[in-house]
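Asker: Before anything else, here's the structure in question.
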Amino acid sequence: ARKFFVGGNWKCNGSVQQVNDLVSMLNQSTLSTDTEVVVCPSQVYIQGVAEKLRKDVGVGAQDVWTQGNGAFTGETSADMLSDMGVGWAVVGHSERRGKGEPDAEVAAKAKYALDKGLKVIACCGEPLESREAGTTNEFVFPQIKAYADAFTKEDWKNVVIAYEPIWAIGTGLTATPEQAQDTHADIRKYLGEIAGAEVAEETRILYGGSATAATAGGLSAKEDIDGFLVGGASLKPEFADIVNCNG
Ligand code: 13P
């Protein structure tokens, strides 16, 4: 069975005070041991969070570079993250792809991070035009294919996929459980074709896009929805309710 997974993507939010408050909130919350939990603070707060956060909650970076240390101004290497005890990295978030990161670069970031011992939250998701034109799979499958081309079967053990329809992110327009389930099932089937039945069966596929405590229960009841990548609601106490929604 795939262990339920809830990630909190704090995006470009927080202050010293707010980050300390969020860590205290998480440290005091009752979090289901049946859920794997990872939070992804801004890179500038990541070391403090990694030091102060309870150890049963993982810490992830919101992005990672394709290579090791060097003359790459503004980037963060997987080497640095693993040096700081950060266990995870998000790659391919639409808020970064939108700046012009091609699928192959996203996959290269993920592969380098995996090679350095990090685990990866590999994002994908379509814009509204694709959803409306009925071409969601045509948009999402190449993103999945780029990951599969870069990963070995072993690598997939350290990867979760986050399906985040762009039209649902930050809009309050959560995908319906049926919409999300259909796409998750399609992604899983496609993964089976390109990476094998075992990878398809074992890889967790998270939903992201205006997930809240109110919508998490209905989504998580669906067979192929194995958790969430939460933005806005991960900055609020309701994040714990999303973590615990599957009990
Ligand atoms: P929201 O939950 O704020 O819509 O953001 C989702 C997301 O982009 C998580 O990575």
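Starting from 1 in every chain, residues are counted up; chains themselves are A, B, ... following the order of the structure tokens, and ligands are numbered from 1 as listed.
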Using DSSP on the backbone coordinates, identify all residues within segment 20-101 of chain A classified as strand (DSSP E or B); present the result as a list in words.

Answerer: Thr35, Glu36, Val37, Val38, Val39, Cys40, Val57, Gly58, Val59, Gly60, Ala61, Trp88, Ala89, Val90 and Val91 of chain A

Asker: Keeping only N, CA, C and O atoms, write those residues as a CSV table (one decimal), in the first residue's frame.

Answerer:
```csv
chain,number,residue,atom,x,y,z
A,35,THR,N,0.6,9.1,8.0
A,35,THR,CA,0.9,10.1,6.9
A,35,THR,C,2.4,10.5,6.9
A,35,THR,O,2.9,10.8,8.0
A,36,GLU,N,3.0,10.5,5.8
A,36,GLU,CA,4.4,11.1,5.7
A,36,GLU,C,4.2,12.6,5.4
A,36,GLU,O,3.5,13.0,4.5
A,37,VAL,N,4.9,13.4,6.3
A,37,VAL,CA,4.7,14.8,6.2
A,37,VAL,C,6.1,15.5,5.9
A,37,VAL,O,7.1,15.2,6.5
A,38,VAL,N,6.0,16.4,4.9
A,38,VAL,CA,7.2,17.2,4.5
A,38,VAL,C,6.8,18.6,4.3
A,38,VAL,O,5.8,18.9,3.7
A,39,VAL,N,7.6,19.5,4.9
A,39,VAL,CA,7.3,21.0,4.7
A,39,VAL,C,8.5,21.6,3.9
A,39,VAL,O,9.6,21.2,4.1
A,40,CYS,N,8.2,22.5,3.0
A,40,CYS,CA,9.2,23.1,2.2
A,40,CYS,C,9.2,24.7,2.4
A,40,CYS,O,8.4,25.4,1.7
A,57,VAL,N,8.8,15.0,10.9
A,57,VAL,CA,8.4,15.8,9.7
A,57,VAL,C,9.6,16.1,8.9
A,57,VAL,O,10.6,16.6,9.4
A,58,GLY,N,9.5,15.8,7.6
A,58,GLY,CA,10.7,16.0,6.7
A,58,GLY,C,10.7,17.5,6.3
A,58,GLY,O,9.7,18.2,6.4
A,59,VAL,N,11.9,17.9,5.8
A,59,VAL,CA,12.1,19.2,5.3
A,59,VAL,C,12.5,19.1,3.8
A,59,VAL,O,13.3,18.3,3.5
A,60,GLY,N,11.9,20.0,3.0
A,60,GLY,CA,12.3,20.0,1.6
A,60,GLY,C,12.6,21.4,1.1
A,60,GLY,O,12.1,22.4,1.6
A,61,ALA,N,13.4,21.4,0.0
A,61,ALA,CA,13.6,22.7,-0.7
A,61,ALA,C,12.6,22.8,-1.8
A,61,ALA,O,12.0,21.8,-2.3
A,88,TRP,N,14.5,16.4,1.2
A,88,TRP,CA,13.6,16.5,0.0
A,88,TRP,C,13.8,17.7,-0.9
A,88,TRP,O,14.3,18.7,-0.3
A,89,ALA,N,13.5,17.6,-2.1
A,89,ALA,CA,13.5,18.8,-3.0
A,89,ALA,C,12.2,18.7,-3.9
A,89,ALA,O,12.0,17.6,-4.5
A,90,VAL,N,11.6,19.8,-4.1
A,90,VAL,CA,10.5,19.9,-5.1
A,90,VAL,C,11.2,20.3,-6.4
A,90,VAL,O,12.1,21.1,-6.4
A,91,VAL,N,10.7,19.7,-7.5
A,91,VAL,CA,11.2,20.2,-8.8
A,91,VAL,C,10.0,20.3,-9.7
A,91,VAL,O,9.0,19.6,-9.6
```

Asker: As a compact mmCIF listing (two decimals) with C-alpha atoms, in the first residue's frame, please: the residues near segment 139-154 of chain A (cut-off 6 Å, only C-alpha atoms, same-chain neighbours under 4 positions excluded).

Answerer:
```txt
# COMPACT_ATOMS: atom_id res chain seq x y z
CA ASP A 103 10.94 19.38 -18.97
CA ALA A 104 14.47 18.08 -19.52
CA ALA A 107 14.18 16.12 -14.86
CA GLY A 125 0.15 19.83 -14.32
CA GLU A 126 -1.72 21.47 -17.17
```

Asker: Tell me which protein, DNA and RNA residues are within 12 Å of Asp241 of chain A, counting only C-alpha atoms, leaving out same-chain ones fewer than 4 positions away, and put them as a list of chain:residue names.

Answerer: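 After dropping sequence-adjacent residues, the list is A:Val6, A:Leu26, A:Ser29, A:Thr30, A:Leu31, A:Ser32, A:Thr35, A:Ala211, A:Thr212, A:Ala213, A:Ala214, A:Thr215, A:Ala216, A:Gly217, A:Phe228, A:Val230, A:Ala233, A:Ser234, A:Lys236, A:Pro237, A:Cys245, A:Asn246, A:Gly247.
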
Asker: Show me, as a PyMOL selection string, the residues that have an atom within 8 Å of Ile187 of chain A when counting only C-alpha atoms, minus same-chain residues fewer than 3 positions from it.

Answerer: chain A and resi 137+141+144+183-184+190-191

Asker: Taking into account only C-alpha atoms and all ligand atoms, which residue in the set A:Gly192, A:Gly172, A:Gly218, A:Gly92 is nearest to ligand 1?

Answerer: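 Distance minimum relative to ligand 1 lands on A:Gly172.
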
Asker: Name the residues in contact with Thr66 of chain A at a cut-off of 8 Å, using only C-alpha atoms, excluding same-chain residues fewer than 4 positions from it; report them as an NGL selection string.

Answerer: :A and (77 or 105 or 108-113)

Asker: Could you list the protein, DNA and RNA residues that have any atom within 7 Å of ligand 1, counting only C-alpha atoms and all ligand atoms, and write them as a ChimeraX atom specification?

Answerer: /A:9,93,164,168-172,208-211,229-233

Asker: Find the spatial neighbours of Ala180 of chain A, counting only C-alpha atoms, within a cut-off of 8 Å - ignore same-chain residues fewer than 4 positions away - and output them as a ChimeraX atom specification.

Answerer: /A:175-176,184,207,219,225

Asker: Restricting it to N, CA, C and O atoms, dump the selection as a compact mmCIF listing (two decimals), in the first residue's frame.

Answerer:
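Saved file again_7.txt follows:
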```
# COMPACT_ATOMS: atom_id res chain seq x y z
N ALA A 175 -9.74 21.08 -8.01
CA ALA A 175 -10.28 20.05 -8.91
C ALA A 175 -11.29 19.22 -8.13
O ALA A 175 -11.13 19.01 -6.93
N THR A 176 -12.31 18.75 -8.82
CA THR A 176 -13.24 17.85 -8.13
C THR A 176 -12.53 16.52 -7.90
O THR A 176 -11.57 16.18 -8.62
N HIS A 184 -5.13 11.35 -12.18
CA HIS A 184 -4.19 10.49 -11.44
C HIS A 184 -4.15 9.08 -12.02
O HIS A 184 -3.08 8.49 -12.18
N TYR A 207 -2.14 15.25 -5.07
CA TYR A 207 -2.90 16.30 -5.73
C TYR A 207 -2.51 17.65 -5.11
O TYR A 207 -2.39 17.76 -3.89
N LEU A 219 -11.23 14.18 -1.78
CA LEU A 219 -10.16 13.84 -2.74
C LEU A 219 -9.41 12.59 -2.28
O LEU A 219 -9.14 11.68 -3.08
N ILE A 225 -5.45 8.87 -5.48
CA ILE A 225 -4.98 10.11 -4.85
C ILE A 225 -4.32 9.73 -3.52
O ILE A 225 -4.98 9.30 -2.58
```
